[in-house]
file final18.tsv (TSV, C-alpha atoms and all ligand atoms)
chain	number	residue	atom	x	y	z
A	1	MET	CA	40.19	17.23	38.33
A	2	ASP	CA	43.79	17.15	39.51
A	3	ALA	CA	45.20	20.39	40.83
A	4	LEU	CA	47.26	22.27	38.29
A	5	ASN	CA	49.73	25.08	38.70
A	6	ASP	CA	48.45	28.66	38.43
A	7	ASN	CA	49.50	28.87	34.79
A	8	GLY	CA	47.52	25.70	33.88
A	9	SER	CA	50.60	23.49	33.64
A	10	VAL	CA	50.85	20.16	35.45
A	11	LEU	CA	54.58	20.66	36.02
A	12	SER	CA	56.47	23.94	36.02
A	13	VAL	CA	60.23	23.89	36.30
A	14	ARG	CA	61.80	27.25	37.08
A	15	ASN	CA	65.54	27.95	36.90
A	16	LEU	CA	66.45	24.42	37.91
A	17	SER	CA	70.17	23.90	38.51
A	18	THR	CA	71.95	20.74	39.60
A	19	VAL	CA	75.60	20.37	40.40
A	20	PHE	CA	77.89	17.42	41.18
A	21	GLU	CA	80.77	18.42	43.42
A	22	THR	CA	83.72	16.03	43.27
A	23	GLY	CA	87.15	17.02	44.58
A	24	ASN	CA	87.77	20.58	43.44
A	25	ALA	CA	85.44	20.32	40.46
A	26	ALA	CA	81.79	21.36	40.29
A	27	THR	CA	80.04	19.73	37.32
A	28	CYS	CA	77.06	21.89	36.37
A	29	ALA	CA	74.85	19.15	34.95
A	30	VAL	CA	71.65	21.21	34.77
A	31	ARG	CA	71.92	24.97	34.38
A	32	ASP	CA	69.01	27.25	34.99
A	33	VAL	CA	66.44	25.20	33.07
A	34	SER	CA	62.83	26.40	32.93
A	35	PHE	CA	59.83	24.86	31.19
A	36	ASP	CA	56.12	24.15	31.60
A	37	LEU	CA	54.44	20.82	30.89
A	38	ARG	CA	50.77	20.89	29.92
A	39	PRO	CA	48.53	18.16	31.43
A	40	ASP	CA	48.21	16.41	28.06
A	41	GLU	CA	51.71	17.14	26.76
A	42	ARG	CA	54.38	14.66	25.67
A	43	LEU	CA	57.69	16.45	25.81
A	44	GLY	CA	60.68	14.75	24.20
A	45	ILE	CA	64.14	15.60	25.50
A	46	VAL	CA	67.07	14.96	23.20
A	47	GLY	CA	70.77	15.75	23.30
A	48	GLU	CA	74.13	14.06	23.25
A	49	SER	CA	75.36	11.85	26.06
A	50	GLY	CA	76.28	13.90	29.13
A	51	SER	CA	74.05	16.85	28.24
A	52	GLY	CA	72.17	16.57	31.54
A	53	LYS	CA	68.97	14.79	30.55
A	54	SER	CA	69.00	12.16	33.31
A	55	ALA	CA	70.31	14.62	35.89
A	56	MET	CA	67.34	16.83	35.11
A	57	ALA	CA	64.88	13.93	35.39
A	58	LEU	CA	66.37	12.75	38.70
A	59	SER	CA	66.34	16.32	40.02
A	60	ILE	CA	62.62	16.64	39.34
A	61	LEU	CA	62.01	13.36	41.17
A	62	GLY	CA	64.18	14.35	44.14
A	63	LEU	CA	66.55	11.45	43.42
A	64	ILE	CA	69.86	13.26	43.06
A	65	GLU	CA	72.31	11.79	45.54
A	66	PRO	CA	75.58	13.19	46.93
A	67	PRO	CA	77.96	14.36	45.59
A	68	GLY	CA	75.12	15.86	43.55
A	69	ARG	CA	72.55	18.37	44.73
A	70	VAL	CA	69.85	20.58	43.30
A	71	SER	CA	71.51	23.95	43.73
A	72	GLY	CA	68.62	26.19	42.77
A	73	GLY	CA	65.20	26.63	41.25
A	74	GLU	CA	61.63	25.52	41.78
A	75	ILE	CA	59.69	22.43	40.68
A	76	LEU	CA	55.99	23.22	40.85
A	77	LEU	CA	53.58	20.29	40.83
A	78	GLY	CA	49.93	20.85	41.71
A	79	GLY	CA	50.78	24.37	42.88
A	80	ARG	CA	53.48	23.42	45.38
A	81	ASP	CA	57.24	23.45	45.09
A	82	ILE	CA	58.25	19.79	45.45
A	83	SER	CA	61.96	20.66	45.44
A	84	LYS	CA	61.51	21.91	49.01
A	85	LEU	CA	59.91	18.70	50.33
A	86	SER	CA	61.66	16.39	52.79
A	87	ASP	CA	62.69	12.90	51.62
A	88	ARG	CA	59.68	11.43	53.41
A	89	GLN	CA	57.26	13.91	51.83
A	90	MET	CA	58.83	13.34	48.43
A	91	GLY	CA	58.41	9.58	48.89
A	92	ALA	CA	54.66	10.16	49.00
A	93	VAL	CA	54.78	12.19	45.77
A	94	ARG	CA	56.92	9.73	43.80
A	95	GLY	CA	54.85	7.03	42.17
A	96	LYS	CA	51.59	8.69	43.16
A	97	GLU	CA	51.93	12.05	41.41
A	98	ILE	CA	55.05	11.70	39.34
A	99	ALA	CA	56.61	8.42	38.24
A	100	LEU	CA	59.76	7.21	36.53
A	101	VAL	CA	60.53	4.52	33.97
A	102	LEU	CA	64.19	3.82	33.31
A	103	GLN	CA	66.10	2.21	30.47
A	104	ASP	CA	66.89	-0.89	32.50
A	105	PRO	CA	63.73	-2.40	34.02
A	106	SER	CA	65.78	-4.44	36.48
A	107	THR	CA	66.44	-1.22	38.40
A	108	ALA	CA	62.69	-1.10	39.14
A	109	LEU	CA	62.31	-4.84	39.86
A	110	ASP	CA	63.62	-6.86	42.77
A	111	PRO	CA	64.87	-10.26	41.50
A	112	VAL	CA	63.89	-12.11	44.67
A	113	LYS	CA	60.25	-11.03	44.80
A	114	THR	CA	57.45	-12.16	42.51
A	115	ILE	CA	56.10	-9.68	39.99
A	116	GLY	CA	52.73	-9.72	41.78
A	117	ARG	CA	54.23	-8.97	45.16
A	118	GLN	CA	56.13	-6.02	43.74
A	119	ILE	CA	53.09	-4.51	42.05
A	120	ILE	CA	51.03	-5.00	45.22
A	121	GLU	CA	53.76	-3.31	47.28
A	122	VAL	CA	53.56	-0.24	45.02
A	123	LEU	CA	49.78	-0.10	45.46
A	124	ALA	CA	49.91	-0.73	49.21
A	125	ALA	CA	52.60	1.91	49.82
A	126	HIS	CA	50.12	4.59	48.88
A	127	GLU	CA	46.88	2.82	49.86
A	128	PRO	CA	47.60	1.11	53.20
A	129	ASP	CA	43.94	0.06	53.64
A	130	LEU	CA	43.87	-1.91	50.41
A	131	LYS	CA	42.77	-5.49	51.10
A	132	ARG	CA	44.89	-8.39	49.81
A	133	LYS	CA	42.27	-9.77	47.43
A	134	ALA	CA	41.49	-6.34	45.95
A	135	ALA	CA	45.21	-5.61	45.58
A	136	ARG	CA	45.77	-8.87	43.71
A	137	LYS	CA	42.83	-8.12	41.43
A	138	ARG	CA	44.29	-4.66	40.67
A	139	ALA	CA	47.69	-6.23	39.99
A	140	VAL	CA	46.14	-8.66	37.49
A	141	GLU	CA	44.34	-5.77	35.77
A	142	LEU	CA	47.58	-3.81	35.57
A	143	LEU	CA	49.40	-6.74	33.98
A	144	GLU	CA	46.55	-7.12	31.51
A	145	ASP	CA	46.76	-3.39	30.79
A	146	VAL	CA	50.35	-3.89	29.67
A	147	ASP	CA	49.42	-6.91	27.53
A	148	ILE	CA	50.91	-9.69	29.69
A	149	SER	CA	48.89	-12.75	28.76
A	150	HIS	CA	47.77	-15.23	31.44
A	151	ALA	CA	48.21	-12.35	33.90
A	152	GLU	CA	46.69	-14.18	36.88
A	153	ARG	CA	49.23	-16.99	36.58
A	154	ARG	CA	52.19	-14.81	35.60
A	155	LEU	CA	51.70	-12.70	38.72
A	156	ASP	CA	53.49	-15.41	40.69
A	157	ASP	CA	56.54	-15.50	38.41
A	158	TYR	CA	59.86	-13.86	39.28
A	159	PRO	CA	61.42	-11.15	37.06
A	160	HIS	CA	63.93	-13.60	35.52
A	161	GLN	CA	60.99	-15.61	34.15
A	162	TYR	CA	59.96	-12.59	32.04
A	163	SER	CA	61.70	-11.40	28.86
A	164	GLY	CA	63.37	-7.96	28.78
A	165	GLY	CA	60.41	-6.45	26.91
A	166	MET	CA	57.95	-7.99	29.41
A	167	ARG	CA	59.99	-6.66	32.34
A	168	GLN	CA	59.86	-3.18	30.83
A	169	ARG	CA	56.08	-3.53	30.46
A	170	VAL	CA	55.86	-4.48	34.14
A	171	ALA	CA	58.00	-1.46	35.05
A	172	ILE	CA	55.56	0.70	33.07
A	173	ALA	CA	52.60	-0.98	34.81
A	174	MET	CA	54.15	-0.17	38.18
A	175	ALA	CA	54.81	3.41	37.10
A	176	ILE	CA	51.24	4.04	36.02
A	177	ALA	CA	49.67	1.93	38.82
A	178	LEU	CA	48.71	4.98	40.86
A	179	ASN	CA	47.67	7.20	37.97
A	180	PRO	CA	50.49	9.75	38.28
A	181	LYS	CA	49.97	13.13	36.66
A	182	VAL	CA	53.44	13.03	35.14
A	183	LEU	CA	55.49	10.11	33.84
A	184	ILE	CA	59.18	10.59	33.19
A	185	ALA	CA	60.60	7.94	30.87
A	186	ASP	CA	64.39	7.99	30.61
A	187	GLU	CA	65.32	6.03	27.48
A	188	PRO	CA	62.66	3.37	28.13
A	189	THR	CA	63.15	1.64	24.79
A	190	THR	CA	66.90	1.99	24.21
A	191	ALA	CA	67.81	-1.50	25.45
A	192	LEU	CA	65.14	-3.26	23.39
A	193	ASP	CA	65.09	-4.66	19.86
A	194	VAL	CA	63.21	-2.68	17.21
A	195	THR	CA	60.03	-4.78	17.34
A	196	THR	CA	59.80	-4.73	21.13
A	197	GLN	CA	60.61	-1.03	21.05
A	198	ALA	CA	57.62	-0.42	18.78
A	199	GLN	CA	55.37	-2.51	21.07
A	200	ILE	CA	56.45	-0.56	24.14
A	201	LEU	CA	55.89	2.76	22.38
A	202	SER	CA	52.41	1.83	21.25
A	203	LEU	CA	51.67	0.55	24.77
A	204	MET	CA	52.85	3.82	26.32
A	205	ASP	CA	50.84	5.71	23.75
A	206	ARG	CA	47.66	3.92	24.78
A	207	LEU	CA	48.32	4.05	28.51
A	208	VAL	CA	49.14	7.74	28.77
A	209	GLU	CA	46.07	8.48	26.66
A	210	ASP	CA	43.83	6.33	28.91
A	211	HIS	CA	45.33	7.64	32.14
A	212	ASN	CA	45.61	11.32	31.02
A	213	THR	CA	49.28	11.34	31.94
A	214	ALA	CA	51.70	14.03	30.83
A	215	VAL	CA	55.02	12.58	29.71
A	216	ILE	CA	58.65	13.64	29.63
A	217	PHE	CA	60.32	11.24	27.22
A	218	ILE	CA	64.12	11.21	27.19
A	219	THR	CA	65.67	9.56	24.17
A	220	HIS	CA	68.53	9.62	21.68
A	221	ASN	CA	66.15	8.47	18.98
A	222	LEU	CA	64.69	11.39	17.06
A	223	GLY	CA	62.43	8.98	15.17
A	224	VAL	CA	60.79	8.05	18.47
A	225	VAL	CA	60.33	11.75	19.26
A	226	SER	CA	58.56	12.36	15.96
A	227	GLU	CA	56.31	9.38	16.55
A	228	PHE	CA	55.47	9.79	20.22
A	229	CYS	CA	55.98	13.41	21.31
A	230	ASP	CA	54.24	16.66	20.52
A	231	SER	CA	56.92	19.01	21.80
A	232	VAL	CA	60.67	18.76	22.12
A	233	ALA	CA	63.53	20.27	24.11
A	234	VAL	CA	67.06	20.02	22.77
A	235	MET	CA	69.54	19.88	25.63
A	236	TYR	CA	73.20	20.84	25.43
A	237	THR	CA	75.62	21.33	28.33
A	238	GLY	CA	72.81	21.37	30.88
A	239	ARG	CA	70.71	23.96	29.03
A	240	PHE	CA	67.59	23.77	26.89
A	241	VAL	CA	69.00	25.37	23.74
A	242	GLU	CA	65.83	24.92	21.69
A	243	THR	CA	62.24	24.18	22.66
A	244	SER	CA	59.46	23.87	20.11
A	245	GLY	CA	56.61	21.82	18.77
A	246	VAL	CA	57.73	18.57	17.24
A	247	GLU	CA	56.89	19.61	13.65
A	248	HIS	CA	59.10	22.68	13.89
A	249	ILE	CA	62.18	20.83	15.05
A	250	PHE	CA	61.98	18.44	12.12
A	251	SER	CA	61.07	20.98	9.45
A	252	ALA	CA	63.07	24.04	10.53
A	253	PRO	CA	65.48	23.41	13.43
A	254	THR	CA	66.64	26.89	14.42
A	255	HIS	CA	69.52	26.36	16.84
A	256	PRO	CA	72.70	25.24	15.02
A	257	TYR	CA	73.02	22.34	17.49
A	258	SER	CA	69.47	21.12	16.75
A	259	GLU	CA	70.22	21.34	13.04
A	260	ALA	CA	73.45	19.37	13.51
A	261	LEU	CA	71.64	16.67	15.54
A	262	LEU	CA	69.00	16.35	12.83
A	263	ASN	CA	71.68	16.06	10.16
A	264	CYS	CA	73.07	12.99	11.93
A	265	VAL	CA	69.75	11.09	11.67
A	266	PRO	CA	70.02	8.43	8.98
A	267	ASN	CA	67.48	8.10	6.19
A	268	PRO	CA	67.75	6.16	2.91
A	269	GLU	CA	68.37	9.33	0.87
A	270	LYS	CA	71.23	10.50	3.10
A	271	LEU	CA	72.76	7.03	3.30
A	272	ALA	CA	72.85	6.86	-0.51
A	273	GLN	CA	74.93	10.05	-0.53
A	274	GLY	CA	77.69	8.55	1.63
A	275	PRO	CA	78.68	8.58	5.29
A	276	LEU	CA	76.45	10.61	7.59
A	277	PRO	CA	77.88	13.84	8.98
A	278	ALA	CA	78.83	13.80	12.66
A	279	ILE	CA	78.94	16.84	14.93
A	280	THR	CA	82.59	17.79	15.07
A	281	GLY	CA	84.39	17.86	18.42
A	282	PHE	CA	82.99	17.08	21.85
A	283	PRO	CA	80.84	18.92	24.37
A	284	PRO	CA	82.93	20.97	26.82
A	285	ASP	CA	83.73	19.80	30.33
A	286	LEU	CA	80.75	20.84	32.45
A	287	SER	CA	83.07	21.83	35.28
A	288	GLN	CA	84.98	24.28	33.06
A	289	LEU	CA	82.39	25.89	30.86
A	290	PRO	CA	83.50	28.74	28.59
A	291	SER	CA	82.11	32.22	29.24
A	292	GLY	CA	80.50	32.60	25.80
A	293	CYS	CA	78.22	30.15	24.00
A	294	SER	CA	79.09	26.59	25.08
A	295	PHE	CA	78.51	25.34	21.52
A	296	ALA	CA	80.84	27.90	19.90
A	297	PRO	CA	83.90	25.68	19.22
A	298	ARG	CA	81.70	23.16	17.39
A	299	CYS	CA	79.24	25.55	15.80
A	300	PRO	CA	79.41	25.87	12.01
A	301	VAL	CA	77.81	29.33	12.31
A	302	GLY	CA	79.61	30.89	15.25
A	303	LYS	CA	82.95	29.12	15.54
A	304	ASP	CA	84.84	32.10	14.07
A	305	LEU	CA	82.67	34.87	15.51
A	306	ALA	CA	84.11	36.75	18.50
A	307	GLN	CA	80.63	37.55	19.80
A	308	CYS	CA	79.89	33.85	20.28
A	309	TYR	CA	82.96	33.36	22.48
A	310	GLU	CA	82.51	36.56	24.47
A	311	LYS	CA	78.88	36.49	25.50
A	312	ALA	CA	76.54	33.65	26.45
A	313	PRO	CA	73.36	33.85	24.35
A	314	VAL	CA	69.97	34.33	26.01
A	315	THR	CA	66.80	32.51	25.02
A	316	HIS	CA	64.87	34.25	22.24
A	317	ARG	CA	61.14	33.50	22.05
A	318	ILE	CA	60.07	33.55	18.44
A	319	SER	CA	56.64	33.14	16.91
A	320	CYS	CA	56.75	30.71	14.03
A	321	PRO	CA	53.89	29.52	11.79
A	322	ASP	CA	53.78	26.27	13.82
A	323	GLY	CA	53.88	27.92	17.29
A	324	GLU	CA	56.36	29.58	19.64
A	325	VAL	CA	59.96	28.48	19.62
A	326	GLY	CA	62.59	29.19	22.28
A	327	VAL	CA	66.13	29.38	20.92
A	328	GLU	CA	69.32	30.15	22.82
A	329	CYS	CA	71.50	31.60	20.08
A	330	HIS	CA	72.63	35.14	19.26
A	331	PHE	CA	71.27	34.70	15.75
A	332	ALA	CA	67.98	33.02	16.63
A	333	GLU	CA	65.69	35.56	14.95
A	334	ALA	CA	67.68	35.70	11.73
A	335	ARG	CA	67.91	31.93	11.58
A	336	ALA	CA	64.17	31.53	12.21
A	337	ARG	CA	63.54	33.94	9.29
A	338	GLY	CA	65.85	31.80	7.18
A	339	ALA	CA	68.33	34.68	6.76
A	340	SER	CA	72.01	33.78	6.47
A	341	THR	CA	74.14	34.61	9.52
B	401	LIG	N1	76.61	10.70	40.19
B	401	LIG	C1	77.34	11.57	39.49
B	401	LIG	N2	78.53	12.03	39.95
B	401	LIG	C2	79.26	12.93	39.25
B	401	LIG	N3	78.86	13.45	38.06
B	401	LIG	C3	77.69	13.02	37.55
B	401	LIG	C4	76.87	12.06	38.22
B	401	LIG	N4	75.76	11.83	37.48
B	401	LIG	C5	75.89	12.61	36.37
B	401	LIG	N5	77.05	13.32	36.42
B	401	LIG	C6	77.53	14.26	35.41
B	401	LIG	O1	76.46	15.11	35.03
B	401	LIG	C7	76.51	15.35	33.63
B	401	LIG	C8	75.18	15.01	33.01
B	401	LIG	O2	74.98	13.61	33.09
B	401	LIG	P1	73.61	12.91	32.67
B	401	LIG	O3	73.68	11.52	33.17
B	401	LIG	O4	72.48	13.73	33.11
B	401	LIG	O5	73.71	12.94	31.07
B	401	LIG	P2	72.67	12.38	30.02
B	401	LIG	O6	72.29	13.50	29.11
B	401	LIG	O7	71.56	11.67	30.70
B	401	LIG	O8	73.58	11.36	29.20
B	401	LIG	P3	73.18	9.93	28.53
B	401	LIG	O9	72.50	10.28	27.23
B	401	LIG	O10	74.50	9.28	28.32
B	401	LIG	O11	72.30	9.19	29.46
B	401	LIG	C9	77.68	14.55	33.07
B	401	LIG	O12	78.79	15.40	32.95
B	401	LIG	C10	77.92	13.50	34.14
B	401	LIG	O13	79.27	13.13	34.17
B	402	LIG	S1	75.41	31.80	19.74
B	402	LIG	FE1	76.96	31.57	18.16
B	402	LIG	S2	78.11	29.71	18.68
B	402	LIG	FE2	76.22	29.70	19.87
B	402	LIG	S3	74.82	28.50	18.66
B	402	LIG	FE3	74.47	30.63	18.09
B	402	LIG	S4	75.80	30.98	16.32
B	402	LIG	FE4	76.50	29.08	17.30
B	403	MG	MG	70.93	9.67	30.77
call {"tool": "encode", "arguments": {"input": "final18.tsv", "output": "structure tokens"}}
result
Amino acid sequence: MDALNDNGSVLSVRNLSTVFETGNAATCAVRDVSFDLRPDERLGIVGESGSGKSAMALSILGLIEPPGRVSGGEILLGGRDISKLSDRQMGAVRGKEIALVLQDPSTALDPVKTIGRQIIEVLAAHEPDLKRKAARKRAVELLEDVDISHAERRLDDYPHQYSGGMRQRVAIAMAIALNPKVLIADEPTTALDVTTQAQILSLMDRLVEDHNTAVIFITHNLGVVSEFCDSVAVMYTGRFVETSGVEHIFSAPTHPYSEALLNCVPNPEKLAQGPLPAITGFPPDLSQLPSGCSFAPRCPVGKDLAQCYEKAPVTHRISCPDGEVGVECHFAEARARGAST
């Protein structure tokens, strides 16, 4: 069995912070984020654009480039802190232990190399003794795993000869080629039409099940979260403002921001009542964060409460009928009880 962290998690992120320093401004994209990922967990991460989802994913993978840097925290994978590894050491971890799928598959594929060559390169990078014939056989199997028909023949095609959905399937095949313990998917279905989106989701569902892979799934689509994930983290201004099981977030979102996000999700009933509500205002500039709660100016609960502007809320851990919930709001307990605040 793969080595886990002492607390039984496959990935433990502790107080992770990432900053982008440009000119005189320091954009705090990820602020003191902590969470544990169980070996069989599928964690969905949601939040408005700019809330720090991709920065967090890239930080975990050691892919933040200047002017950005991970400014603090630990990333424990298999009992060791991978945030302290050199680029070379991290290169051996990426792909093999933790892999990434991005929204745009062309970022993972080189247009001038055949699909087969690229899959074989991924395999050979971590298994230098792999013989050519065996590597080609594995590449065919991987393409078959992601439902590419005539895999043997299509191995010699170039990326432009594949459709967008097929390219994303190849990117997924390359990501799972080495059986990583953790797969981070950053909006893997956003660029695809609804039908292809559904195919990719069901493919990922099957693959992560077969390969026992834990998943961090970043998306704007709460419907996808309800379908694919079993836990969820709501991100706002670089913080996890609510973490819970997926049922809880849909039945009783506790943080006012989670509730507002849920209210924006269309359904036939809501559409019949008129235009959908939008969250008023915009997230604050991450280089000039207020001292109190960063959601205060937009929060229907706290926008007129001095306490919300004066003091940043801490995370409250609350036991709910459907499991523990973490909520970063001064009124978390009262809201979880359903009391008015
Ligand atoms: N390379 C960079 N240089 C400077 N600032 C950056 C860089 N990358 C990200 N940021 C900043 O970090 C913050 C978080 O960005 P991030 O890309 O993580 O958001 P996101 O939640 O993934 O948004 P989206 O949903 O649009 O993908 C933003 O304020 C962004 O401007
Ligand atoms: S602390 Fe105040 S402003 Fe922040 S989410 Fe809670 S009620 Fe709203
Ligand atoms: Mg992003």
call {"tool": "closest_residue", "arguments": {"input": "final18.tsv", "among": "A:Val10, A:Val122, A:Ile279, A:Val30", "to": "ligand LIG 401 (chain B)", "atoms": "only C-alpha atoms and all ligand atoms"}}
result
A:Val30
call {"tool": "residues_around", "arguments": {"input": "final18.tsv", "residues": "Pro180 (chain A)", "least_positions_apart": "3", "cutoff": "7 Å", "atoms": "only C-alpha atoms", "output": "number ranges by chain"}}
result
A: 95-99, 176, 183, 213
call {"tool": "residues_around", "arguments": {"input": "final18.tsv", "residues": "Asp36 (chain A)", "least_positions_apart": "3", "cutoff": "9 Å", "atoms": "all atoms listed in the file", "output": "PyMOL selection string"}}
result
chain A and resi 7+9-14
call {"tool": "closest_residue", "arguments": {"input": "final18.tsv", "among": "A:Asn221, A:Thr190, A:Thr237, A:Ser86", "to": "Ser287 (chain A)", "atoms": "all atoms listed in the file"}}
result
A:Thr237
call {"tool": "closest_residue", "arguments": {"input": "final18.tsv", "among": "A:Gly62, A:Gly238, A:Pro277, A:Gly338", "to": "ligand MG 403 (chain B)", "atoms": "all atoms listed in the file"}}
result
A:Gly238
call {"tool": "atom_distance", "arguments": {"input": "final18.tsv", "atom1": "CA of Lys84 (chain A)", "atom2": "CA of Ala177 (chain A)"}}
result
25.4 Å
call {"tool": "residues_near_ligand", "arguments": {"input": "final18.tsv", "ligand": "ligand MG 403 (chain B)", "cutoff": "9 Å", "atoms": "only C-alpha atoms and all ligand atoms", "output": "short mmCIF file (atom, residue, chain, number, x, y, z; two decimals) with C-alpha atoms, keeping the file's coordinate frame"}}
result
data_model
loop_
_atom_site.label_atom_id
_atom_site.label_comp_id
_atom_site.auth_asym_id
_atom_site.auth_seq_id
_atom_site.Cartn_x
_atom_site.Cartn_y
_atom_site.Cartn_z
CA SER A 49 75.36 11.85 26.06
CA GLY A 50 76.28 13.90 29.13
CA SER A 51 74.05 16.85 28.24
CA GLY A 52 72.17 16.57 31.54
CA LYS A 53 68.97 14.79 30.55
CA SER A 54 69.00 12.16 33.31
CA ALA A 55 70.31 14.62 35.89
CA ALA A 57 64.88 13.93 35.39
CA GLN A 103 66.10 2.21 30.47
CA ASP A 186 64.39 7.99 30.61
CA GLU A 187 65.32 6.03 27.48
CA ILE A 218 64.12 11.21 27.19
CA THR A 219 65.67 9.56 24.17
#
call {"tool": "axis_aligned_box", "arguments": {"input": "final18.tsv", "around": "ligand LIG 401 (chain B)", "padding_each_side": "6 Å", "output": "JSON"}}
result
{"center_x": 75.4, "center_y": 12.3, "center_z": 33.7, "size_x": 19.7, "size_y": 18.2, "size_z": 25.0}
call {"tool": "atom_distance", "arguments": {"input": "final18.tsv", "atom1": "atom C3 of ligand LIG 401 (chain B)", "atom2": "CA of Arg80 (chain A)"}}
result
27.5 Å
call {"tool": "atom_distance", "arguments": {"input": "final18.tsv", "atom1": "CA of Pro313 (chain A)", "atom2": "CA of Ala278 (chain A)"}}
result
23.8 Å
